[in-house]
file final-v9.cif (mmCIF, C-alpha atoms and all ligand atoms)
data_structure
#
loop_
_atom_site.label_atom_id
_atom_site.label_comp_id
_atom_site.auth_asym_id
_atom_site.auth_seq_id
_atom_site.Cartn_x
_atom_site.Cartn_y
_atom_site.Cartn_z
CA MET A 30 106.67 82.94 129.97
CA ARG A 31 104.33 85.39 131.72
CA LEU A 32 103.10 88.40 129.69
CA ASP A 33 101.28 91.39 131.22
CA LEU A 34 99.97 94.11 128.92
CA VAL A 35 98.83 97.53 130.14
CA SER A 36 96.84 99.86 127.89
CA ILE A 37 93.80 102.14 127.87
CA PHE A 38 92.54 99.99 124.93
CA PRO A 39 92.82 96.40 126.20
CA ASP A 40 90.52 95.25 123.35
CA TYR A 41 93.48 95.72 120.97
CA PHE A 42 94.89 92.46 122.34
CA ALA A 43 91.95 90.21 121.39
CA PRO A 44 93.88 88.79 118.37
CA LEU A 45 96.40 87.24 120.77
CA GLN A 46 93.82 84.48 121.32
CA LEU A 47 94.18 83.47 117.63
CA SER A 48 96.63 81.27 115.77
CA LEU A 49 100.03 80.37 117.13
CA VAL A 50 100.09 82.79 120.08
CA GLY A 51 96.56 81.74 121.05
CA LYS A 52 97.65 78.10 121.05
CA ALA A 53 100.68 78.94 123.21
CA ILE A 54 98.32 80.61 125.70
CA ALA A 55 95.89 77.66 125.61
CA ALA A 56 98.79 75.22 126.10
CA GLY A 57 100.13 77.20 129.09
CA THR A 58 103.45 78.05 127.39
CA VAL A 59 102.40 81.69 127.78
CA GLY A 60 100.41 83.15 130.68
CA LEU A 61 98.66 86.33 129.54
CA GLY A 62 97.27 89.21 131.59
CA VAL A 63 95.63 92.19 129.84
CA HIS A 64 95.07 95.23 132.05
CA ASP A 65 93.17 98.49 131.60
CA LEU A 66 95.38 101.33 132.84
CA ARG A 67 92.25 103.12 134.10
CA ARG A 68 92.03 100.50 136.84
CA TRP A 69 94.85 102.45 138.51
CA THR A 70 93.04 105.82 138.38
CA HIS A 71 91.03 107.15 141.32
CA ASP A 72 89.18 110.21 140.01
CA ARG A 73 85.63 110.16 138.69
CA HIS A 74 86.73 110.57 135.05
CA HIS A 75 89.51 107.95 135.21
CA THR A 76 91.96 110.54 133.90
CA VAL A 77 95.15 109.17 132.36
CA ASP A 78 96.49 112.25 130.51
CA ASP A 79 97.27 115.93 131.00
CA THR A 80 98.81 118.86 129.12
CA PRO A 81 102.60 118.86 128.60
CA TYR A 82 104.85 121.03 130.79
CA GLY A 83 106.67 123.47 128.53
CA GLY A 84 103.72 123.67 126.17
CA GLY A 85 103.17 122.10 122.78
CA ALA A 86 100.55 120.02 121.07
CA GLY A 87 98.88 116.90 122.39
CA MET A 88 98.63 115.28 125.78
CA VAL A 89 101.05 113.35 127.98
CA MET A 90 100.16 110.28 130.04
CA LYS A 91 100.21 111.04 133.76
CA PRO A 92 102.83 109.21 135.84
CA GLU A 93 100.62 108.17 138.79
CA PRO A 94 98.45 105.49 137.10
CA TRP A 95 101.52 104.03 135.35
CA GLY A 96 103.50 104.02 138.59
CA ALA A 97 100.72 102.19 140.45
CA ALA A 98 100.24 99.68 137.59
CA LEU A 99 103.94 98.87 137.36
CA ASP A 100 104.27 98.65 141.17
CA GLU A 101 101.54 95.99 141.14
CA LEU A 102 102.63 94.02 138.05
CA CYS A 103 106.44 94.16 138.11
CA THR A 104 109.15 92.56 140.23
CA PRO A 105 112.94 93.10 140.02
CA GLU A 106 112.98 90.06 137.63
CA THR A 107 110.54 91.70 135.18
CA THR A 108 111.66 93.04 131.81
CA LEU A 109 109.55 96.12 131.07
CA VAL A 110 109.01 96.81 127.36
CA VAL A 111 107.91 100.31 126.43
CA PRO A 112 106.97 100.57 122.74
CA SER A 113 107.95 104.03 121.52
CA PRO A 114 108.82 105.57 118.14
CA SER A 115 111.92 107.02 119.86
CA GLY A 116 113.07 103.65 121.25
CA ASP A 117 115.92 101.42 120.06
CA ARG A 118 115.03 99.61 116.85
CA PHE A 119 113.40 96.21 117.57
CA ARG A 120 115.27 93.55 115.58
CA GLN A 121 115.39 89.74 115.49
CA PRO A 122 118.20 89.58 118.16
CA ASP A 123 115.92 91.56 120.49
CA ALA A 124 113.16 89.01 119.91
CA TYR A 125 115.58 86.21 120.85
CA ALA A 126 116.77 88.10 123.96
CA LEU A 127 113.21 88.86 125.13
CA ALA A 128 112.18 85.22 124.53
CA GLU A 129 114.65 84.32 127.33
CA ALA A 130 112.80 86.48 129.88
CA GLY A 131 110.45 84.84 132.36
CA HIS A 132 108.20 87.88 132.73
CA LEU A 133 107.54 90.66 130.23
CA VAL A 134 105.36 93.68 130.96
CA PHE A 135 104.36 95.85 127.98
CA ALA A 136 103.49 99.46 128.87
CA CYS A 137 101.51 100.73 125.89
CA GLY A 138 101.28 104.50 125.83
CA ARG A 139 99.03 106.74 123.72
CA TYR A 140 99.03 110.46 122.90
CA GLU A 141 102.48 112.07 122.90
CA GLY A 142 103.83 109.42 125.27
CA ILE A 143 104.20 108.66 128.98
CA ASP A 144 105.70 111.14 131.48
CA ALA A 145 109.45 110.37 131.22
CA ARG A 146 109.80 109.82 134.97
CA VAL A 147 107.91 106.53 134.71
CA VAL A 148 110.70 104.87 132.69
CA GLN A 149 113.36 106.67 134.75
CA HIS A 150 111.84 105.24 137.96
CA ALA A 151 111.44 101.74 136.50
CA ARG A 152 115.05 101.63 135.20
CA ALA A 153 116.34 101.71 138.78
CA ARG A 154 114.19 98.67 139.66
CA MET A 155 114.16 96.31 136.64
CA THR A 156 115.36 95.82 133.07
CA VAL A 157 113.66 98.30 130.76
CA ARG A 158 113.67 98.23 126.94
CA GLU A 159 112.22 101.18 125.01
CA LEU A 160 111.69 99.75 121.52
CA SER A 161 110.53 101.07 118.15
CA LEU A 162 109.35 99.05 115.16
CA GLY A 163 110.71 101.45 112.57
CA ASP A 164 110.67 104.94 111.18
CA TYR A 165 106.97 105.71 111.08
CA VAL A 166 104.44 106.83 113.70
CA LEU A 167 101.63 104.71 115.12
CA ASN A 168 98.85 106.09 117.32
CA GLY A 169 99.99 104.08 120.32
CA GLY A 170 102.07 101.19 121.56
CA GLU A 171 99.37 98.50 121.26
CA VAL A 172 99.94 97.42 117.65
CA ALA A 173 103.70 97.59 118.19
CA ALA A 174 103.33 95.33 121.24
CA LEU A 175 101.32 92.83 119.16
CA VAL A 176 104.12 92.73 116.60
CA MET A 177 106.83 92.23 119.22
CA ILE A 178 104.82 89.58 121.10
CA GLU A 179 104.32 87.56 117.91
CA ALA A 180 108.04 87.77 117.11
CA ILE A 181 108.93 86.69 120.67
CA VAL A 182 106.36 83.97 121.36
CA ARG A 183 107.07 82.03 118.14
CA LEU A 184 110.66 81.57 119.43
CA LEU A 185 109.56 79.88 122.68
CA PRO A 186 110.31 76.13 122.84
CA GLY A 187 107.44 74.05 121.46
CA VAL A 188 105.47 76.93 119.89
CA ILE A 189 106.57 76.23 116.30
CA GLY A 190 106.08 72.60 115.29
CA ASN A 191 109.27 72.27 113.29
CA PRO A 192 112.04 74.33 114.94
CA GLU A 193 114.16 74.03 111.75
CA SER A 194 111.81 76.51 110.07
CA LEU A 195 113.13 79.13 112.53
CA THR A 196 116.71 78.84 111.25
CA GLU A 197 115.75 78.97 107.55
CA GLU A 198 113.93 82.31 107.59
CA SER A 199 114.85 85.92 106.89
CA HIS A 200 116.91 87.65 109.59
CA SER A 201 117.74 84.36 111.36
CA GLN A 202 121.29 83.47 112.46
CA GLY A 203 121.25 80.29 110.38
CA HIS A 204 120.60 82.40 107.30
CA ASP A 205 123.52 84.78 107.99
CA GLY A 206 121.06 87.66 108.41
CA LEU A 207 120.15 87.56 104.70
CA LEU A 208 116.61 87.85 103.35
CA GLU A 209 115.02 84.50 102.62
CA TYR A 210 115.37 82.92 99.16
CA PRO A 211 112.18 82.55 97.05
CA VAL A 212 110.16 79.40 97.68
CA PHE A 213 107.96 77.29 95.36
CA THR A 214 105.52 74.40 95.58
CA LYS A 215 103.41 72.40 93.11
CA PRO A 216 102.40 72.74 90.32
CA PRO A 217 105.75 72.88 88.45
CA SER A 218 104.28 75.25 85.86
CA TRP A 219 101.62 77.85 86.73
CA ARG A 220 100.29 80.58 84.40
CA GLY A 221 103.32 80.11 82.19
CA LEU A 222 105.77 80.52 85.09
CA ASP A 223 108.11 77.59 85.77
CA VAL A 224 109.71 76.57 89.04
CA PRO A 225 113.54 76.91 88.67
CA GLU A 226 114.94 73.65 87.24
CA VAL A 227 117.62 73.24 89.94
CA LEU A 228 114.93 72.59 92.58
CA PHE A 229 113.94 69.32 90.81
CA SER A 230 117.56 68.11 90.62
CA GLY A 231 117.64 66.37 94.01
CA HIS A 232 121.24 67.68 94.23
CA HIS A 233 121.20 69.12 97.77
CA ALA A 234 124.51 71.00 97.53
CA ARG A 235 123.54 72.65 94.23
CA ILE A 236 120.12 73.61 95.65
CA ALA A 237 121.73 75.10 98.76
CA GLU A 238 124.16 77.06 96.56
CA TRP A 239 121.31 78.37 94.35
CA ARG A 240 119.28 79.42 97.39
CA ARG A 241 122.26 81.24 98.87
CA GLU A 242 122.89 83.11 95.58
CA GLN A 243 119.22 84.10 95.45
CA ALA A 244 119.29 85.26 99.09
CA ILE A 245 122.41 87.37 98.53
CA GLU A 246 121.05 88.91 95.31
CA LEU A 247 117.68 89.73 96.91
CA THR A 248 119.38 91.24 99.95
CA ARG A 249 121.72 93.32 97.74
CA ARG A 250 118.74 94.68 95.81
CA ARG A 251 116.29 95.30 98.66
CA ARG A 252 118.28 95.60 101.87
CA PRO A 253 121.93 96.42 101.06
CA ASP A 254 122.23 97.71 104.66
CA LEU A 255 122.08 94.07 105.84
CA LEU A 256 125.24 93.09 103.92
CA GLY A 257 128.56 93.47 105.77
CL1 LIG B 301 106.89 101.09 119.21
N1 LIG B 301 105.17 103.09 118.92
C1 LIG B 301 104.57 104.05 118.21
N2 LIG B 301 103.63 104.80 118.78
N3 LIG B 301 104.90 104.33 116.95
C2 LIG B 301 105.84 103.56 116.41
C3 LIG B 301 106.48 102.53 117.09
C4 LIG B 301 106.12 102.31 118.36
N4 LIG B 301 107.38 101.96 116.26
C5 LIG B 301 107.28 102.62 115.12
N5 LIG B 301 106.37 103.59 115.19
#
call {"tool": "encode", "arguments": {"input": "final-v9.cif", "output": "structure tokens"}}
result
Amino acid sequence: MRLDLVSIFPDYFAPLQLSLVGKAIAAGTVGLGVHDLRRWTHDRHHTVDDTPYGGGAGMVMKPEPWGAALDELCTPETTLVVPSPSGDRFRQPDAYALAEAGHLVFACGRYEGIDARVVQHARARMTVRELSLGDYVLNGGEVAALVMIEAIVRLLPGVIGNPESLTEESHSQGHDGLLEYPVFTKPPSWRGLDVPEVLFSGHHARIAEWRREQAIELTRRRRPDLLG
């Protein structure tokens, strides 16, 4: 997979060199390009924003630098991801769908957002997903892009050592969209707290049943919206 990230703060993406995503880049599973939007400005001050038509607080990102950046980086095969608090909610199925793409470009806006004509223009030329992490406001799309990239890249073939761990986790298909059951390791007793007896039984069916009960109970308590 090829990933191109456009931002006025390219340094935000330094952590992508760490851990699992960093290894995927080093191994060539992911090709990464990080681009400073100001490269596509031509004035002396490298201006990327201006006041909003219609008035109101804050600044809006100008369309010209974004248009030039996307013209250079995108093809009709690109999926353009635009992190935005007013986008569709990013969920695990979106991570799976985006992991199938050959080329993702993340357009990370700041201020009150990007002039709406940029997405309008791109929609006629490629697949565009405007995506939000949830119901809170970040200062820009960079941190949201980091979150989405981690969720996507870990699904690529060969990135996670044991692919079975993907099907056993919260929000996965193999777990029926339930939250994950609690997990334990040695020692069997720690600070007066004991690991549930059933996990020592070696009885795989009973363990699976206990884990499913725990997952359903946890989901009912914390995320009833996930239950049918
Ligand atoms: Cl994707 N962007 C910003 N700026 N704020 C957010 C968000 C995205 N998702 C939740 N809040």
call {"tool": "closest_atom_pairs", "arguments": {"input": "final-v9.cif", "of": "chain A", "to": "ligand LIG 301 (chain B)", "cutoff": "10 Å", "atoms": "all atoms listed in the file", "output": "tab-separated table"}}
result
residue	atom	partner	partner_atom	distance
A:Val110	CA	B:LIG301	CL1	9.4
A:Val111	CA	B:LIG301	CL1	7.3
A:Pro112	CA	B:LIG301	CL1	3.6
A:Ser113	CA	B:LIG301	CL1	3.9
A:Pro114	CA	B:LIG301	C3	4.0
A:Ser115	CA	B:LIG301	C3	7.6
A:Gly116	CA	B:LIG301	CL1	7.0
A:Asp117	CA	B:LIG301	CL1	9.1
A:Arg118	CA	B:LIG301	N4	8.0
A:Phe119	CA	B:LIG301	CL1	8.3
A:Cys137	CA	B:LIG301	N1	8.2
A:Gly138	CA	B:LIG301	N2	7.4
A:Arg139	CA	B:LIG301	N2	7.0
A:Tyr140	CA	B:LIG301	N2	8.4
A:Glu141	CA	B:LIG301	N2	8.4
A:Gly142	CA	B:LIG301	N2	8.0
A:Glu159	CA	B:LIG301	CL1	7.9
A:Leu160	CA	B:LIG301	CL1	5.5
A:Ser161	CA	B:LIG301	N4	3.8
A:Leu162	CA	B:LIG301	N4	3.7
A:Gly163	CA	B:LIG301	C5	4.4
A:Asp164	CA	B:LIG301	C5	5.7
A:Tyr165	CA	B:LIG301	N5	4.7
A:Val166	CA	B:LIG301	N5	4.1
A:Leu167	CA	B:LIG301	N3	3.8
A:Asn168	CA	B:LIG301	N2	5.2
A:Gly169	CA	B:LIG301	N2	4.0
A:Gly170	CA	B:LIG301	N1	4.5
A:Glu171	CA	B:LIG301	N1	7.8
A:Val172	CA	B:LIG301	N1	7.8
A:Ala173	CA	B:LIG301	CL1	4.8
A:Ala174	CA	B:LIG301	CL1	7.1
A:Leu175	CA	B:LIG301	CL1	10.0
A:Val176	CA	B:LIG301	CL1	9.2
A:Met177	CA	B:LIG301	CL1	8.9
call {"tool": "closest_residue", "arguments": {"input": "final-v9.cif", "among": "A:Ile245, A:Ala136, A:Ala53, A:Val148", "to": "A:Pro39", "atoms": "all atoms listed in the file"}}
result
A:Ala136
call {"tool": "residues_around", "arguments": {"input": "final-v9.cif", "residues": "stretch 90-101 of chain A", "least_positions_apart": "6", "cutoff": "7 Å", "atoms": "all atoms listed in the file", "output": "mmCIF file with C-alpha atoms, in the coordinates of the input"}}
result
data_model
loop_
_atom_site.group_PDB
_atom_site.id
_atom_site.type_symbol
_atom_site.label_atom_id
_atom_site.label_comp_id
_atom_site.auth_asym_id
_atom_site.auth_seq_id
_atom_site.Cartn_x
_atom_site.Cartn_y
_atom_site.Cartn_z
ATOM 1 C CA LEU A 66 95.380 101.330 132.840
ATOM 2 C CA TRP A 69 94.850 102.450 138.510
ATOM 3 C CA THR A 70 93.040 105.820 138.380
ATOM 4 C CA VAL A 77 95.150 109.170 132.360
ATOM 5 C CA ASP A 78 96.490 112.250 130.510
ATOM 6 C CA ASP A 79 97.270 115.930 131.000
ATOM 7 C CA GLY A 142 103.830 109.420 125.270
ATOM 8 C CA ILE A 143 104.200 108.660 128.980
ATOM 9 C CA ASP A 144 105.700 111.140 131.480
ATOM 10 C CA VAL A 147 107.910 106.530 134.710
#
call {"tool": "axis_aligned_box", "arguments": {"input": "final-v9.cif", "around": "stretch 172-184 of chain A", "padding_each_side": "4 Å", "output": "AutoDock Vina command-line options"}}
result
--center_x 105.3 --center_y 89.6 --center_z 119.0 --size_x 18.7 --size_y 24.0 --size_z 12.8
call {"tool": "residues_around", "arguments": {"input": "final-v9.cif", "residues": "A:Ala130", "least_positions_apart": "6", "cutoff": "8 Å", "atoms": "only C-alpha atoms", "output": "NGL selection string"}}
result
:A and (30 or 107-108)
call {"tool": "atom_distance", "arguments": {"input": "final-v9.cif", "atom1": "atom CA of A:Gly190", "atom2": "atom CA of A:Arg120"}}
result
22.9 Å
call {"tool": "closest_residue", "arguments": {"input": "final-v9.cif", "among": "A:Leu109, A:Pro253, A:Ala126, A:Pro217", "to": "A:Arg158", "atoms": "all atoms listed in the file"}}
result
A:Leu109
call {"tool": "residues_around", "arguments": {"input": "final-v9.cif", "residues": "stretch 40-48 of chain A", "least_positions_apart": "3", "cutoff": "10 Å", "atoms": "all atoms listed in the file", "output": "PDB file with C-alpha atoms, in the frame of the given file"}}
result
ATOM      1  CA  LEU A  34      99.970  94.110 128.920  1.00  0.00           C
ATOM      2  CA  SER A  36      96.840  99.860 127.890  1.00  0.00           C
ATOM      3  CA  ILE A  37      93.800 102.140 127.870  1.00  0.00           C
ATOM      4  CA  GLY A  51      96.560  81.740 121.050  1.00  0.00           C
ATOM      5  CA  LYS A  52      97.650  78.100 121.050  1.00  0.00           C
ATOM      6  CA  ALA A  53     100.680  78.940 123.210  1.00  0.00           C
ATOM      7  CA  ILE A  54      98.320  80.610 125.700  1.00  0.00           C
ATOM      8  CA  ALA A  55      95.890  77.660 125.610  1.00  0.00           C
ATOM      9  CA  LEU A  61      98.660  86.330 129.540  1.00  0.00           C
ATOM     10  CA  VAL A  63      95.630  92.190 129.840  1.00  0.00           C
ATOM     11  CA  HIS A  64      95.070  95.230 132.050  1.00  0.00           C
ATOM     12  CA  ASP A  65      93.170  98.490 131.600  1.00  0.00           C
ATOM     13  CA  GLU A 171      99.370  98.500 121.260  1.00  0.00           C
ATOM     14  CA  VAL A 172      99.940  97.420 117.650  1.00  0.00           C
ATOM     15  CA  ALA A 174     103.330  95.330 121.240  1.00  0.00           C
ATOM     16  CA  LEU A 175     101.320  92.830 119.160  1.00  0.00           C
ATOM     17  CA  ILE A 178     104.820  89.580 121.100  1.00  0.00           C
ATOM     18  CA  GLU A 179     104.320  87.560 117.910  1.00  0.00           C
TER      19      GLU A 179
END
call {"tool": "closest_residue", "arguments": {"input": "final-v9.cif", "among": "A:Pro186, A:Trp239, A:Val212, A:Glu246", "to": "A:Tyr125", "atoms": "only C-alpha atoms"}}
result
A:Pro186
call {"tool": "residues_around", "arguments": {"input": "final-v9.cif", "residues": "A:Arg154", "least_positions_apart": "6", "cutoff": "9 Å", "atoms": "all atoms listed in the file", "output": "ChimeraX atom specification"}}
result
/A:104-106
